[in-house]
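**Student:** If you scroll down you'll find the structure; I have some questions about it.
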Amino acid sequence: MIFQWLPLVLAIFGEEGLPYIMIYYIANTVLFWTMGVCEVALDALEEVPWISRKALKVILNPLLIGLIIGIILVMLGVKLPEPVYRSCYYIGSMTSPLAMLFVGIAMSMTACDDIRIDFPTCVAMLGRFFICQLLLFMLLPLFNIGTVMGRVFVICAALSSVTNLFVVLKGYGGDYRYAAMLVTVSTCLSVCVIPFYMWLIH
């Protein structure tokens, strides 16, 4: 997910939006790998506790651990040596190409014949691209957060569906092909929806 969100947020908001996309990523990751996985497992008639060793293992992935370490170093005012900083910078520059490869692989799993626009698909897209944003526009004024943070959250909520979903569904015996189709459809729709919300929030 972060490989899709990060390049776009950096392209729109620059380095100023980087901390806010990480906040969004942490919250999204924790919710998906706890409540989201439990709901998927229940649909597959398998009960999984919200807080489990498997969920914690997935949540505490290298990216999140690196983010936590980075936040601690920034708060402590620690500066990395120049060679280490440059190495991290060059690795970070690979984000956009890797994101394109990742999205391409996810979309290649869906054939044109598998794409169907039925009622559940329309409801899923409506919730993803309009209901989420409507709730954000209603809730953001209630919290004392910066303008850039609110705009980053709106754009992130308008991105494609969670690409990890079809992996989880396949693991629990669910309809992972339908999930892959949702990722493909939402990715294509986000190309049109994101410019609209960029115009709206500005």
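Identifiers in this document derive from the order of the structure tokens: chains are assigned A, B, ..., residues are numbered from 1 separately in each chain, and ligands are numbered from 1 in order of occurrence.
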Please provide the set of residues having any atom within 10 Å of Leu10 (chain A), restricted to only C-alpha atoms, with same-chain residues fewer than 6 positions apart removed, written as a PyMOL selection string.

**Tutor:** chain A and resi 16-18+21+96+152

**Student:** So that I can check the surroundings of region 189-195 of chain A, please list as an mmCIF file with all heavy atoms, in the first residue's frame every protein, DNA and RNA residue that reaches within 9 Å of it, counting only C-alpha atoms and ignoring chain neighbours fewer than 4 positions away.

**Tutor:**
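Result written to part-v6.cif:
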data_model
loop_
_atom_site.group_PDB
_atom_site.id
_atom_site.type_symbol
_atom_site.label_atom_id
_atom_site.label_comp_id
_atom_site.auth_asym_id
_atom_site.auth_seq_id
_atom_site.Cartn_x
_atom_site.Cartn_y
_atom_site.Cartn_z
ATOM 1 N N MET A 125 -17.045 0.637 -4.693
ATOM 2 C CA MET A 125 -16.420 1.831 -5.256
ATOM 3 C C MET A 125 -17.040 3.108 -4.684
ATOM 4 O O MET A 125 -16.339 4.099 -4.455
ATOM 5 C CB MET A 125 -16.566 1.829 -6.788
ATOM 6 C CG MET A 125 -15.831 0.690 -7.493
ATOM 7 S SD MET A 125 -14.048 0.657 -7.184
ATOM 8 C CE MET A 125 -13.921 -0.718 -6.030
ATOM 9 N N PHE A 129 -14.605 5.785 -2.785
ATOM 10 C CA PHE A 129 -14.291 7.067 -3.400
ATOM 11 C C PHE A 129 -15.192 8.223 -2.974
ATOM 12 O O PHE A 129 -14.871 9.375 -3.288
ATOM 13 C CB PHE A 129 -14.324 6.942 -4.923
ATOM 14 C CG PHE A 129 -13.230 6.057 -5.467
ATOM 15 C CD1 PHE A 129 -13.542 4.897 -6.158
ATOM 16 C CD2 PHE A 129 -11.904 6.374 -5.276
ATOM 17 C CE1 PHE A 129 -12.534 4.082 -6.656
ATOM 18 C CE2 PHE A 129 -10.894 5.562 -5.760
ATOM 19 C CZ PHE A 129 -11.207 4.413 -6.454
ATOM 20 N N ILE A 155 -6.575 12.643 0.039
ATOM 21 C CA ILE A 155 -5.996 12.031 -1.152
ATOM 22 C C ILE A 155 -5.726 10.553 -0.919
ATOM 23 O O ILE A 155 -6.003 9.710 -1.789
ATOM 24 C CB ILE A 155 -4.697 12.764 -1.554
ATOM 25 C CG1 ILE A 155 -5.017 14.190 -2.011
ATOM 26 C CG2 ILE A 155 -3.974 12.008 -2.660
ATOM 27 C CD1 ILE A 155 -5.909 14.271 -3.229
ATOM 28 N N ALA A 158 -8.648 8.401 -1.280
ATOM 29 C CA ALA A 158 -9.153 8.292 -2.649
ATOM 30 C C ALA A 158 -8.299 7.377 -3.511
ATOM 31 O O ALA A 158 -8.558 7.255 -4.707
ATOM 32 C CB ALA A 158 -9.228 9.681 -3.291
ATOM 33 N N LEU A 159 -7.298 6.745 -2.911
ATOM 34 C CA LEU A 159 -6.452 5.835 -3.676
ATOM 35 C C LEU A 159 -7.117 4.474 -3.813
ATOM 36 O O LEU A 159 -8.179 4.223 -3.251
ATOM 37 C CB LEU A 159 -5.077 5.710 -3.011
ATOM 38 C CG LEU A 159 -4.236 6.986 -3.058
ATOM 39 C CD1 LEU A 159 -2.967 6.815 -2.250
ATOM 40 C CD2 LEU A 159 -3.893 7.356 -4.492
ATOM 41 N N SER A 160 -6.487 3.575 -4.527
ATOM 42 C CA SER A 160 -7.091 2.282 -4.831
ATOM 43 C C SER A 160 -7.267 1.441 -3.576
ATOM 44 O O SER A 160 -6.719 1.746 -2.513
ATOM 45 C CB SER A 160 -6.232 1.533 -5.849
ATOM 46 O OG SER A 160 -4.939 1.299 -5.314
ATOM 47 N N THR A 184 -8.020 -3.708 -9.253
ATOM 48 C CA THR A 184 -7.826 -3.219 -10.620
ATOM 49 C C THR A 184 -8.805 -2.098 -10.954
ATOM 50 O O THR A 184 -8.418 -1.044 -11.478
ATOM 51 C CB THR A 184 -7.995 -4.373 -11.619
ATOM 52 O OG1 THR A 184 -7.049 -5.401 -11.322
ATOM 53 C CG2 THR A 184 -7.766 -3.890 -13.042
ATOM 54 N N VAL A 185 -10.085 -2.310 -10.649
ATOM 55 C CA VAL A 185 -11.105 -1.305 -10.960
ATOM 56 C C VAL A 185 -10.855 -0.023 -10.170
ATOM 57 O O VAL A 185 -10.920 1.089 -10.719
ATOM 58 C CB VAL A 185 -12.518 -1.856 -10.665
ATOM 59 C CG1 VAL A 185 -13.570 -0.762 -10.812
ATOM 60 C CG2 VAL A 185 -12.833 -3.013 -11.597
ATOM 61 N N TRP A 199 -8.527 19.145 -6.960
ATOM 62 C CA TRP A 199 -9.183 20.420 -7.267
ATOM 63 C C TRP A 199 -10.079 20.862 -6.117
ATOM 64 O O TRP A 199 -10.109 22.054 -5.759
ATOM 65 C CB TRP A 199 -10.004 20.270 -8.540
ATOM 66 C CG TRP A 199 -10.928 21.427 -8.802
ATOM 67 C CD1 TRP A 199 -10.608 22.638 -9.328
ATOM 68 C CD2 TRP A 199 -12.323 21.476 -8.506
ATOM 69 N NE1 TRP A 199 -11.721 23.443 -9.394
ATOM 70 C CE2 TRP A 199 -12.786 22.761 -8.893
ATOM 71 C CE3 TRP A 199 -13.239 20.553 -7.968
ATOM 72 C CZ2 TRP A 199 -14.123 23.132 -8.761
ATOM 73 C CZ3 TRP A 199 -14.565 20.936 -7.826
ATOM 74 C CH2 TRP A 199 -14.981 22.211 -8.208
ATOM 75 N N LEU A 200 -10.779 19.916 -5.494
ATOM 76 C CA LEU A 200 -11.726 20.257 -4.447
ATOM 77 C C LEU A 200 -11.034 20.771 -3.187
ATOM 78 O O LEU A 200 -11.459 21.786 -2.602
ATOM 79 C CB LEU A 200 -12.575 19.034 -4.105
ATOM 80 C CG LEU A 200 -13.767 19.252 -3.169
ATOM 81 C CD1 LEU A 200 -14.772 20.193 -3.812
ATOM 82 C CD2 LEU A 200 -14.427 17.913 -2.834
#

**Student:** Just the number, please: distance in Å from CA of Ile26 (chain A) to CA of Arg86 (chain A), one decimal.

**Tutor:**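 We find that CA of Ile26 (chain A) and CA of Arg86 (chain A) lie 25.1 Å from each other.
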
**Student:** Considering only C-alpha atoms, state which residue in the set A:Leu142, A:Leu165, A:Val183, A:Leu6 is at the smallest distance from Pro19 (chain A).

**Tutor:**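 Checking each candidate against Pro19 (chain A), we get A:Leu6 as the closest.
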
**Student:** Nearest to Gly127 (chain A) among A:Pro7, A:Ile115, A:Ala157, A:Leu42, with distances taken over only C-alpha atoms: which residue is it?

**Tutor:**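 Closest to Gly127 (chain A), using only C-alpha atoms: A:Ala157.
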